[in-house]
Number of protein chains: 2
Amino acid sequence: MSAKILDGNALAKAIRAGLARDAAAFQAAAGRPPGLSVILVGEDPASAVYVGHKEKAAREAGFASAVVRLPATASEAEVLDRIAAMAADRAVDGMLVQLPLPKQVDPLAVQRAIPPAKDVDGFHPVNAGMLLLGQKGGFVPCTPLGVMALLDEAEIPLKGAEAVVVGRSTIVGKPVAQLLLDRHATVTIAHSRTRDLAAVCRRADVLVAAAGVPGLVRGAFVKPGAAVIDVGINRITDAAQAEDLLAGQPERLEKFRKNGHALVGDVHFGEAAAAAGWITPVPGGVGPLTVALLLRNTLEGARRTEGLPA
Amino acid sequence: MSAKILDGNALAKAIRAGLARDAAAFQAAAGRPPGLSVILVGEDPASAVYVGHKEKAAREAGFASAVVRLPATASEAEVLDRIAAMAADRAVDGMLVQLPLPKQVDPLAVQRAIPPAKDVDGFHPVNAGMLLLGQKGGFVPCTPLGVMALLDEAEIPLKGAEAVVVGRSTIVGKPVAQLLLDRHATVTIAHSRTRDLAAVCRRADVLVAAAGVPGLVRGAFVKPGAAVIDVGINRITDAAQAEDLLAGQPERLEKFRKNGHALVGDVHFGEAAAAAGWITPVPGGVGPLTVALLLRNTLEGARRTEGLPA
């Protein structure tokens with residue numbers, strides 16, 4: 001393996017330590033902590049885990065945090081009522097409704113009910129529009145911010161670089177393409193309809209995989225020396241797939257054989273690491289940054305509300 | 001020359017004829033015509049010409065139209081007052097403030113004061129956000145819509161095609177990239193910082209030039225058989241530049257020699273037409289479609305307001 005590992009856990013830890021200092025300074029200036037509140041509808045176990053991570057990270061960084069739990073049977077009107085109350089609460093700087101939602105609740109209606117100035121997930125059309133238009137003062141979604149934080153931490157040059165983003169989701173692919181473009185990369189967005197994905201990816205000095213397909217990006221997709229950022233987090237249980245995708249990672253393969261499941265990214269790590277200059281592991285790459293940058297967005301919102309400098 | 005010409009004048013004429021029929025049907029159903037209103041601040045002659053085109057096209061298609069003219073000395077508050085009055089006027093379905101604005105008036109403040117539901121230019125962050133998020137019911141800027149109309153009229157295949165957009169403006173480059181992506185093209189956005197622009201452009205099955213640089217795209221930038229859409233409209237007065245960029249167009253060169261000026265696109269037409277499969281002329285390509293699609297947006301807004309089907 002030639003690639004340097006981009007360590008998301010270490011970077012997230014450093015960012016959270018900085019945020020704890022900044023939150024203390026904010027509290028000293030504003031007389032209150034920055035506040036992050038979450039609405040969780042239903043009993044989805046993965047959602048409960050994610051919300052727990054957010055709550056814990058907020059508390060550890062000295063933020064006020066609150067989680068409102070509603071039953072899976074809650075009506076859209078009930079969810080919108082809770083959103084309205086949170087929107088009106090001056091102690092709440094950032095708020096979000098954990099996805100996915102039960103089917104009787106329209107996620108678009110929910111997104112639009114959150115005031116753009118508290119929409120720390122960056123999902124509201126106003127925030128998406130400000131990103132597209134290159135306007136300051138909005139919120140950018142946290143996973144794309146995590147991708148940029150890893151690239152910047154390693155000082156990977158972006159100006160004039162060829163960047164290829166695989167995946168065009170509204171949460172990752174499209175916003176990360178905008179951020180790379182703002183940094184003067186030449187940006188290609190590839191996706192499931194792209195012909196000869198391998199050839200398109202091989203152009204990339206910076207390759208961001210966000211397609212949600214385990215091991216989609218193989219070694220032959222990677223230009224020698226490229227930076228490979230793997231946003232995918234896929235749970236696999238198939239033994240043959242695990243033998244393939246975990247090849248070159250004997251400890252992880254051993255663990256798969258014991259547990260019967262593993263988390264893998266959209267990149268074949270072993271193959272890609274042999275060609276790349278930098279690469280993120282999965283888990284431990286982009287994932288840990290998401291919560292840290294959610295807190296950073298919340299602190300930013302709090303400073304704006306209180307008229308304090310960034 | 002091998003390329004087929006994409007005739008924007010003919011397509012615009014057909015669209016406007018269709019809109020005149022649709023506006024009559026709207027008037028029969030709603031008891032009023034669709035309404036487009038424009039605010040023009042100052043005496044910029046080009047702006048006056050553009051606004052005149054919009055007014056004339058609206059009238060000819062059976063739309064109600066109004067132009068509010070303010071002096072170049074108008075304050076931002078005065079402009080915002082006029083916007084508020086237009087926003088409240090139920091007879092106005094689409095409204096816009098002609099750019100550029102005098103320097104005492106902030107164009108961002110103006111854009112945000114126009115209600116998204118009447119923002120037929122598609123410049124409001126909510127409309128930009130809905131475009132990025134792939135949500136229906138917003139307004140898309142008119143020049144990008146014109147690019148797509150020309151491609152569709154010629155039935156140029158987009159799914160899986162390699163599209164390259166040269167230019168990343170918020171009015172053309174970025175939105176046209178989103179529209180091409182929605183149609184399943186693999187989309188690259190190139191710009192002034194792109195290394196080896198010629199090589200990037202040569203990948204394109206569909207090449208959209210929107211950089212505002214006369215003759216930037218030369219023959220060697222064009223993949224044989226590609227569709228070349230030239231969004232640039234640049235006025236040139238330099239004789240050597242005209243001899244270069246109008247080479248192969250003896251009538252236009254003759255006219256330049258007489259008048260001392262000419263309008264050229266971002267593409268070297270003579271060189272590109274020799275390689276391309278399809279190409280737009282300048283003038284007479286994308287330009288004429290902009291006003292037609294502004295009216296289409298206005299009619300769409302009017303139907304939404306009145307609850308009529310599209």
# chains A, B, ... in the order shown; residues from 1 in each chain; ligands from 1

$ select_by_dssp --residues "stretch 54-267 of chain A" --states "helix (DSSP H, G or I)" --output "ChimeraX atom specification"
/A:54-60,76-88,107-113,116-118,125-133,142-153,173-182,197-202,219-221,239-245,250-259

$ interface_residues --of "chain B" --to "chain A" --cutoff "10 Å" --atoms "only C-alpha atoms" --output "PDB file with N, CA, C and O atoms, in the first residue's frame"
ATOM      1  N   LEU B 108     -28.562  41.554  -4.467  1.00  0.00           N
ATOM      2  CA  LEU B 108     -28.990  40.426  -3.619  1.00  0.00           C
ATOM      3  C   LEU B 108     -30.254  40.774  -2.828  1.00  0.00           C
ATOM      4  O   LEU B 108     -31.155  39.952  -2.697  1.00  0.00           O
ATOM      5  N   PHE B 123     -33.866  33.539 -10.081  1.00  0.00           N
ATOM      6  CA  PHE B 123     -32.626  33.958  -9.412  1.00  0.00           C
ATOM      7  C   PHE B 123     -32.711  33.869  -7.885  1.00  0.00           C
ATOM      8  O   PHE B 123     -31.709  34.008  -7.198  1.00  0.00           O
ATOM      9  N   HIS B 124     -33.927  33.720  -7.323  1.00  0.00           N
ATOM     10  CA  HIS B 124     -34.072  33.680  -5.856  1.00  0.00           C
ATOM     11  C   HIS B 124     -33.441  32.395  -5.304  1.00  0.00           C
ATOM     12  O   HIS B 124     -33.542  31.343  -5.929  1.00  0.00           O
ATOM     13  N   PRO B 125     -32.794  32.483  -4.112  1.00  0.00           N
ATOM     14  CA  PRO B 125     -32.194  31.277  -3.536  1.00  0.00           C
ATOM     15  C   PRO B 125     -33.154  30.093  -3.437  1.00  0.00           C
ATOM     16  O   PRO B 125     -32.738  28.945  -3.630  1.00  0.00           O
ATOM     17  N   VAL B 126     -34.423  30.326  -3.146  1.00  0.00           N
ATOM     18  CA  VAL B 126     -35.377  29.212  -3.065  1.00  0.00           C
ATOM     19  C   VAL B 126     -35.488  28.500  -4.410  1.00  0.00           C
ATOM     20  O   VAL B 126     -35.518  27.259  -4.467  1.00  0.00           O
ATOM     21  N   ASN B 127     -35.531  29.265  -5.490  1.00  0.00           N
ATOM     22  CA  ASN B 127     -35.627  28.623  -6.808  1.00  0.00           C
ATOM     23  C   ASN B 127     -34.322  27.926  -7.187  1.00  0.00           C
ATOM     24  O   ASN B 127     -34.341  26.824  -7.741  1.00  0.00           O
ATOM     25  N   ALA B 128     -33.197  28.547  -6.871  1.00  0.00           N
ATOM     26  CA  ALA B 128     -31.901  27.902  -7.116  1.00  0.00           C
ATOM     27  C   ALA B 128     -31.804  26.616  -6.299  1.00  0.00           C
ATOM     28  O   ALA B 128     -31.323  25.582  -6.787  1.00  0.00           O
ATOM     29  N   GLY B 129     -32.281  26.666  -5.061  1.00  0.00           N
ATOM     30  CA  GLY B 129     -32.237  25.493  -4.193  1.00  0.00           C
ATOM     31  C   GLY B 129     -33.117  24.371  -4.706  1.00  0.00           C
ATOM     32  O   GLY B 129     -32.721  23.203  -4.687  1.00  0.00           O
ATOM     33  N   MET B 130     -34.319  24.712  -5.172  1.00  0.00           N
ATOM     34  CA  MET B 130     -35.209  23.682  -5.700  1.00  0.00           C
ATOM     35  C   MET B 130     -34.582  23.027  -6.934  1.00  0.00           C
ATOM     36  O   MET B 130     -34.729  21.818  -7.139  1.00  0.00           O
ATOM     37  N   LEU B 131     -33.871  23.826  -7.727  1.00  0.00           N
ATOM     38  CA  LEU B 131     -33.167  23.254  -8.890  1.00  0.00           C
ATOM     39  C   LEU B 131     -32.093  22.271  -8.420  1.00  0.00           C
ATOM     40  O   LEU B 131     -32.012  21.141  -8.895  1.00  0.00           O
ATOM     41  N   LEU B 132     -31.264  22.700  -7.446  1.00  0.00           N
ATOM     42  CA  LEU B 132     -30.195  21.824  -6.953  1.00  0.00           C
ATOM     43  C   LEU B 132     -30.781  20.551  -6.337  1.00  0.00           C
ATOM     44  O   LEU B 132     -30.243  19.463  -6.510  1.00  0.00           O
ATOM     45  N   LEU B 133     -31.893  20.706  -5.624  1.00  0.00           N
ATOM     46  CA  LEU B 133     -32.494  19.572  -4.917  1.00  0.00           C
ATOM     47  C   LEU B 133     -33.390  18.733  -5.821  1.00  0.00           C
ATOM     48  O   LEU B 133     -33.928  17.708  -5.388  1.00  0.00           O
ATOM     49  N   GLY B 134     -33.561  19.175  -7.073  1.00  0.00           N
ATOM     50  CA  GLY B 134     -34.396  18.410  -8.004  1.00  0.00           C
ATOM     51  C   GLY B 134     -35.870  18.449  -7.651  1.00  0.00           C
ATOM     52  O   GLY B 134     -36.608  17.521  -7.964  1.00  0.00           O
ATOM     53  N   GLN B 135     -36.322  19.530  -6.984  1.00  0.00           N
ATOM     54  CA  GLN B 135     -37.730  19.640  -6.601  1.00  0.00           C
ATOM     55  C   GLN B 135     -38.526  20.368  -7.677  1.00  0.00           C
ATOM     56  O   GLN B 135     -38.054  21.347  -8.255  1.00  0.00           O
ATOM     57  N   LYS B 159     -28.884  11.171 -22.202  1.00  0.00           N
ATOM     58  CA  LYS B 159     -28.687  10.119 -21.199  1.00  0.00           C
ATOM     59  C   LYS B 159     -27.336   9.434 -21.426  1.00  0.00           C
ATOM     60  O   LYS B 159     -27.088   8.882 -22.498  1.00  0.00           O
ATOM     61  N   GLY B 160     -26.482   9.490 -20.430  1.00  0.00           N
ATOM     62  CA  GLY B 160     -25.170   8.860 -20.542  1.00  0.00           C
ATOM     63  C   GLY B 160     -24.174   9.630 -21.388  1.00  0.00           C
ATOM     64  O   GLY B 160     -23.011   9.238 -21.478  1.00  0.00           O
ATOM     65  N   ALA B 161     -24.609  10.731 -22.002  1.00  0.00           N
ATOM     66  CA  ALA B 161     -23.687  11.532 -22.816  1.00  0.00           C
ATOM     67  C   ALA B 161     -22.705  12.272 -21.918  1.00  0.00           C
ATOM     68  O   ALA B 161     -23.010  12.589 -20.774  1.00  0.00           O
ATOM     69  N   GLU B 162     -21.530  12.554 -22.457  1.00  0.00           N
ATOM     70  CA  GLU B 162     -20.585  13.420 -21.734  1.00  0.00           C
ATOM     71  C   GLU B 162     -20.909  14.865 -22.094  1.00  0.00           C
ATOM     72  O   GLU B 162     -20.835  15.259 -23.265  1.00  0.00           O
ATOM     73  N   ALA B 163     -21.268  15.649 -21.098  1.00  0.00           N
ATOM     74  CA  ALA B 163     -21.547  17.063 -21.311  1.00  0.00           C
ATOM     75  C   ALA B 163     -20.477  17.877 -20.601  1.00  0.00           C
ATOM     76  O   ALA B 163     -20.106  17.562 -19.475  1.00  0.00           O
ATOM     77  N   VAL B 164     -19.978  18.886 -21.289  1.00  0.00           N
ATOM     78  CA  VAL B 164     -19.021  19.802 -20.665  1.00  0.00           C
ATOM     79  C   VAL B 164     -19.605  21.210 -20.753  1.00  0.00           C
ATOM     80  O   VAL B 164     -19.993  21.663 -21.834  1.00  0.00           O
ATOM     81  N   VAL B 166     -18.643  25.071 -20.086  1.00  0.00           N
ATOM     82  CA  VAL B 166     -17.511  25.968 -19.852  1.00  0.00           C
ATOM     83  C   VAL B 166     -18.073  27.262 -19.265  1.00  0.00           C
ATOM     84  O   VAL B 166     -18.787  27.997 -19.950  1.00  0.00           O
ATOM     85  N   ARG B 168     -18.985  28.918 -14.990  1.00  0.00           N
ATOM     86  CA  ARG B 168     -19.670  28.495 -13.759  1.00  0.00           C
ATOM     87  C   ARG B 168     -20.473  29.639 -13.168  1.00  0.00           C
ATOM     88  O   ARG B 168     -20.554  29.786 -11.947  1.00  0.00           O
ATOM     89  N   SER B 169     -21.066  30.469 -14.027  1.00  0.00           N
ATOM     90  CA  SER B 169     -21.884  31.570 -13.517  1.00  0.00           C
ATOM     91  C   SER B 169     -23.142  31.004 -12.871  1.00  0.00           C
ATOM     92  O   SER B 169     -23.576  29.891 -13.174  1.00  0.00           O
ATOM     93  N   THR B 170     -23.718  31.809 -11.959  1.00  0.00           N
ATOM     94  CA  THR B 170     -24.942  31.373 -11.288  1.00  0.00           C
ATOM     95  C   THR B 170     -26.153  31.487 -12.223  1.00  0.00           C
ATOM     96  O   THR B 170     -27.177  30.869 -11.981  1.00  0.00           O
ATOM     97  N   ILE B 171     -26.032  32.268 -13.279  1.00  0.00           N
ATOM     98  CA  ILE B 171     -27.159  32.500 -14.188  1.00  0.00           C
ATOM     99  C   ILE B 171     -27.190  31.466 -15.310  1.00  0.00           C
ATOM    100  O   ILE B 171     -28.233  31.087 -15.799  1.00  0.00           O
ATOM    101  N   LYS B 174     -23.837  27.122 -13.852  1.00  0.00           N
ATOM    102  CA  LYS B 174     -24.255  26.198 -12.788  1.00  0.00           C
ATOM    103  C   LYS B 174     -25.657  25.632 -13.017  1.00  0.00           C
ATOM    104  O   LYS B 174     -25.853  24.418 -12.890  1.00  0.00           O
ATOM    105  N   PRO B 175     -26.654  26.466 -13.351  1.00  0.00           N
ATOM    106  CA  PRO B 175     -27.972  25.845 -13.574  1.00  0.00           C
ATOM    107  C   PRO B 175     -28.015  24.921 -14.785  1.00  0.00           C
ATOM    108  O   PRO B 175     -28.695  23.888 -14.756  1.00  0.00           O
ATOM    109  N   ALA B 177     -25.706  23.025 -15.856  1.00  0.00           N
ATOM    110  CA  ALA B 177     -25.092  21.766 -15.408  1.00  0.00           C
ATOM    111  C   ALA B 177     -26.107  20.921 -14.642  1.00  0.00           C
ATOM    112  O   ALA B 177     -26.181  19.701 -14.824  1.00  0.00           O
ATOM    113  N   GLN B 178     -26.906  21.550 -13.778  1.00  0.00           N
ATOM    114  CA  GLN B 178     -27.937  20.809 -13.030  1.00  0.00           C
ATOM    115  C   GLN B 178     -28.963  20.191 -13.978  1.00  0.00           C
ATOM    116  O   GLN B 178     -29.386  19.054 -13.798  1.00  0.00           O
ATOM    117  N   LEU B 181     -27.536  17.251 -15.747  1.00  0.00           N
ATOM    118  CA  LEU B 181     -27.413  16.150 -14.784  1.00  0.00           C
ATOM    119  C   LEU B 181     -28.770  15.492 -14.550  1.00  0.00           C
ATOM    120  O   LEU B 181     -28.865  14.257 -14.484  1.00  0.00           O
ATOM    121  N   ASP B 182     -29.818  16.305 -14.438  1.00  0.00           N
ATOM    122  CA  ASP B 182     -31.170  15.756 -14.267  1.00  0.00           C
ATOM    123  C   ASP B 182     -31.561  14.877 -15.450  1.00  0.00           C
ATOM    124  O   ASP B 182     -32.390  13.979 -15.306  1.00  0.00           O
ATOM    125  N   ARG B 183     -30.973  15.162 -16.612  1.00  0.00           N
ATOM    126  CA  ARG B 183     -31.283  14.377 -17.803  1.00  0.00           C
ATOM    127  C   ARG B 183     -30.267  13.247 -17.991  1.00  0.00           C
ATOM    128  O   ARG B 183     -30.163  12.680 -19.074  1.00  0.00           O
ATOM    129  N   HIS B 184     -29.515  12.946 -16.947  1.00  0.00           N
ATOM    130  CA  HIS B 184     -28.634  11.777 -16.893  1.00  0.00           C
ATOM    131  C   HIS B 184     -27.383  11.885 -17.751  1.00  0.00           C
ATOM    132  O   HIS B 184     -26.797  10.864 -18.129  1.00  0.00           O
ATOM    133  N   ALA B 185     -26.956  13.107 -18.083  1.00  0.00           N
ATOM    134  CA  ALA B 185     -25.634  13.271 -18.694  1.00  0.00           C
ATOM    135  C   ALA B 185     -24.575  13.167 -17.599  1.00  0.00           C
ATOM    136  O   ALA B 185     -24.842  13.435 -16.434  1.00  0.00           O
ATOM    137  N   THR B 186     -23.370  12.767 -17.987  1.00  0.00           N
ATOM    138  CA  THR B 186     -22.196  12.890 -17.117  1.00  0.00           C
ATOM    139  C   THR B 186     -21.663  14.296 -17.349  1.00  0.00           C
ATOM    140  O   THR B 186     -21.259  14.626 -18.459  1.00  0.00           O
ATOM    141  N   VAL B 187     -21.678  15.130 -16.311  1.00  0.00           N
ATOM    142  CA  VAL B 187     -21.482  16.561 -16.514  1.00  0.00           C
ATOM    143  C   VAL B 187     -20.171  17.041 -15.904  1.00  0.00           C
ATOM    144  O   VAL B 187     -19.904  16.796 -14.726  1.00  0.00           O
ATOM    145  N   THR B 188     -19.378  17.738 -16.706  1.00  0.00           N
ATOM    146  CA  THR B 188     -18.171  18.396 -16.212  1.00  0.00           C
ATOM    147  C   THR B 188     -18.354  19.904 -16.307  1.00  0.00           C
ATOM    148  O   THR B 188     -18.815  20.405 -17.330  1.00  0.00           O
ATOM    149  N   ILE B 189     -18.006  20.605 -15.232  1.00  0.00           N
ATOM    150  CA  ILE B 189     -18.003  22.067 -15.265  1.00  0.00           C
ATOM    151  C   ILE B 189     -16.549  22.529 -15.321  1.00  0.00           C
ATOM    152  O   ILE B 189     -15.765  22.273 -14.414  1.00  0.00           O
ATOM    153  N   ALA B 190     -16.225  23.189 -16.440  1.00  0.00           N
ATOM    154  CA  ALA B 190     -14.879  23.739 -16.634  1.00  0.00           C
ATOM    155  C   ALA B 190     -14.963  25.253 -16.521  1.00  0.00           C
ATOM    156  O   ALA B 190     -16.047  25.834 -16.595  1.00  0.00           O
ATOM    157  N   HIS B 191     -13.811  25.904 -16.349  1.00  0.00           N
ATOM    158  CA  HIS B 191     -13.822  27.350 -16.115  1.00  0.00           C
ATOM    159  C   HIS B 191     -12.418  27.895 -16.315  1.00  0.00           C
ATOM    160  O   HIS B 191     -11.521  27.174 -16.791  1.00  0.00           O
ATOM    161  N   SER B 192     -12.235  29.142 -15.915  1.00  0.00           N
ATOM    162  CA  SER B 192     -10.966  29.829 -16.197  1.00  0.00           C
ATOM    163  C   SER B 192      -9.760  29.158 -15.534  1.00  0.00           C
ATOM    164  O   SER B 192      -8.631  29.324 -15.986  1.00  0.00           O
ATOM    165  N   ARG B 193      -9.980  28.398 -14.465  1.00  0.00           N
ATOM    166  CA  ARG B 193      -8.855  27.734 -13.790  1.00  0.00           C
ATOM    167  C   ARG B 193      -8.622  26.322 -14.306  1.00  0.00           C
ATOM    168  O   ARG B 193      -7.748  25.608 -13.809  1.00  0.00           O
ATOM    169  N   THR B 194      -9.435  25.876 -15.255  1.00  0.00           N
ATOM    170  CA  THR B 194      -9.284  24.518 -15.780  1.00  0.00           C
ATOM    171  C   THR B 194      -7.973  24.392 -16.543  1.00  0.00           C
ATOM    172  O   THR B 194      -7.643  25.237 -17.377  1.00  0.00           O
ATOM    173  N   ARG B 195      -7.235  23.326 -16.225  1.00  0.00           N
ATOM    174  CA  ARG B 195      -6.007  23.035 -16.966  1.00  0.00           C
ATOM    175  C   ARG B 195      -6.379  22.302 -18.255  1.00  0.00           C
ATOM    176  O   ARG B 195      -7.213  21.415 -18.233  1.00  0.00           O
ATOM    177  N   ASP B 196      -5.730  22.637 -19.340  1.00  0.00           N
ATOM    178  CA  ASP B 196      -5.952  21.998 -20.639  1.00  0.00           C
ATOM    179  C   ASP B 196      -7.439  21.954 -21.004  1.00  0.00           C
ATOM    180  O   ASP B 196      -8.045  20.901 -21.170  1.00  0.00           O
ATOM    181  N   LEU B 197      -7.989  23.147 -21.128  1.00  0.00           N
ATOM    182  CA  LEU B 197      -9.409  23.281 -21.469  1.00  0.00           C
ATOM    183  C   LEU B 197      -9.729  22.561 -22.775  1.00  0.00           C
ATOM    184  O   LEU B 197     -10.803  21.965 -22.917  1.00  0.00           O
ATOM    185  N   VAL B 200     -10.313  18.895 -22.092  1.00  0.00           N
ATOM    186  CA  VAL B 200     -11.571  18.685 -21.359  1.00  0.00           C
ATOM    187  C   VAL B 200     -12.750  18.841 -22.312  1.00  0.00           C
ATOM    188  O   VAL B 200     -13.680  18.019 -22.330  1.00  0.00           O
TER     189      VAL B 200
END

$ residues_around --residues "stretch 146-148 of chain B" --least-positions-apart "2" --cutoff "12 Å" --atoms "only C-alpha atoms" --output "number ranges by chain"
B: 6-9, 11-12, 15, 140-144, 150-158, 165, 172-173, 175-183, 206-210, 227-232, 279-280, 284-294, 296-297

$ residues_around --residues "A:Val41" --least-positions-apart "3" --cutoff "9 Å" --atoms "only C-alpha atoms" --output "ChimeraX atom specification"
/A:44,68-74,79,97-102

$ residues_around --residues "stretch 303-308 of chain B" --least-positions-apart "3" --cutoff "9 Å" --atoms "only C-alpha atoms" --output "ChimeraX atom specification"
/B:26,29-30,34,93,117,137,298-300

$ residues_around --residues "B:Pro214" --least-positions-apart "2" --cutoff "6 Å" --atoms "only C-alpha atoms" --output "PDB file with C-alpha atoms, in the first residue's frame"
ATOM      1  CA  LEU B 216     -12.527  30.774 -26.550  1.00  0.00           C
ATOM      2  CA  ASN B 234     -19.637  39.354 -27.081  1.00  0.00           C
ATOM      3  CA  GLY B 265     -20.046  33.932 -29.278  1.00  0.00           C
ATOM      4  CA  ASP B 266     -17.586  32.050 -27.074  1.00  0.00           C
TER       5      ASP B 266
END

$ residues_around --residues "A:His261" --least-positions-apart "4" --cutoff "8 Å" --atoms "only C-alpha atoms" --output "mmCIF file with N, CA and C atoms, in the first residue's frame"
data_model
loop_
_atom_site.group_PDB
_atom_site.id
_atom_site.type_symbol
_atom_site.label_atom_id
_atom_site.label_comp_id
_atom_site.auth_asym_id
_atom_site.auth_seq_id
_atom_site.Cartn_x
_atom_site.Cartn_y
_atom_site.Cartn_z
ATOM 1 N N ARG A 235 -23.398 -1.923 4.677
ATOM 2 C CA ARG A 235 -23.302 -3.131 5.487
ATOM 3 C C ARG A 235 -23.391 -4.320 4.553
ATOM 4 N N ILE A 236 -22.382 -5.170 4.578
ATOM 5 C CA ILE A 236 -22.431 -6.368 3.735
ATOM 6 C C ILE A 236 -22.464 -7.613 4.618
ATOM 7 N N THR A 237 -23.152 -8.643 4.095
ATOM 8 C CA THR A 237 -23.282 -9.905 4.831
ATOM 9 C C THR A 237 -22.918 -11.094 3.948
ATOM 10 N N ASP A 238 -22.682 -10.835 2.656
ATOM 11 C CA ASP A 238 -22.374 -11.918 1.718
ATOM 12 C C ASP A 238 -20.893 -12.278 1.816
ATOM 13 N N PHE A 256 -15.060 -10.350 9.883
ATOM 14 C CA PHE A 256 -16.264 -10.680 9.112
ATOM 15 C C PHE A 256 -16.612 -12.153 9.278
ATOM 16 N N ARG A 257 -15.572 -13.018 9.183
ATOM 17 C CA ARG A 257 -15.818 -14.467 9.281
ATOM 18 C C ARG A 257 -16.435 -14.820 10.632
#

$ closest_residue --among "A:Phe139, A:Phe269, A:Tyr50, A:Phe63" --to "A:Phe221" --atoms "only C-alpha atoms"
A:Phe269

$ atom_distance --atom1 "atom CA of B:Gly248" --atom2 "atom CA of B:Ile233"
18.7 Å

$ atom_distance --atom1 "atom CA of A:Val267" --atom2 "atom CA of A:Ala226"
13.2 Å

$ atom_distance --atom1 "atom CA of B:Asp205" --atom2 "atom CA of B:Trp278"
10.3 Å
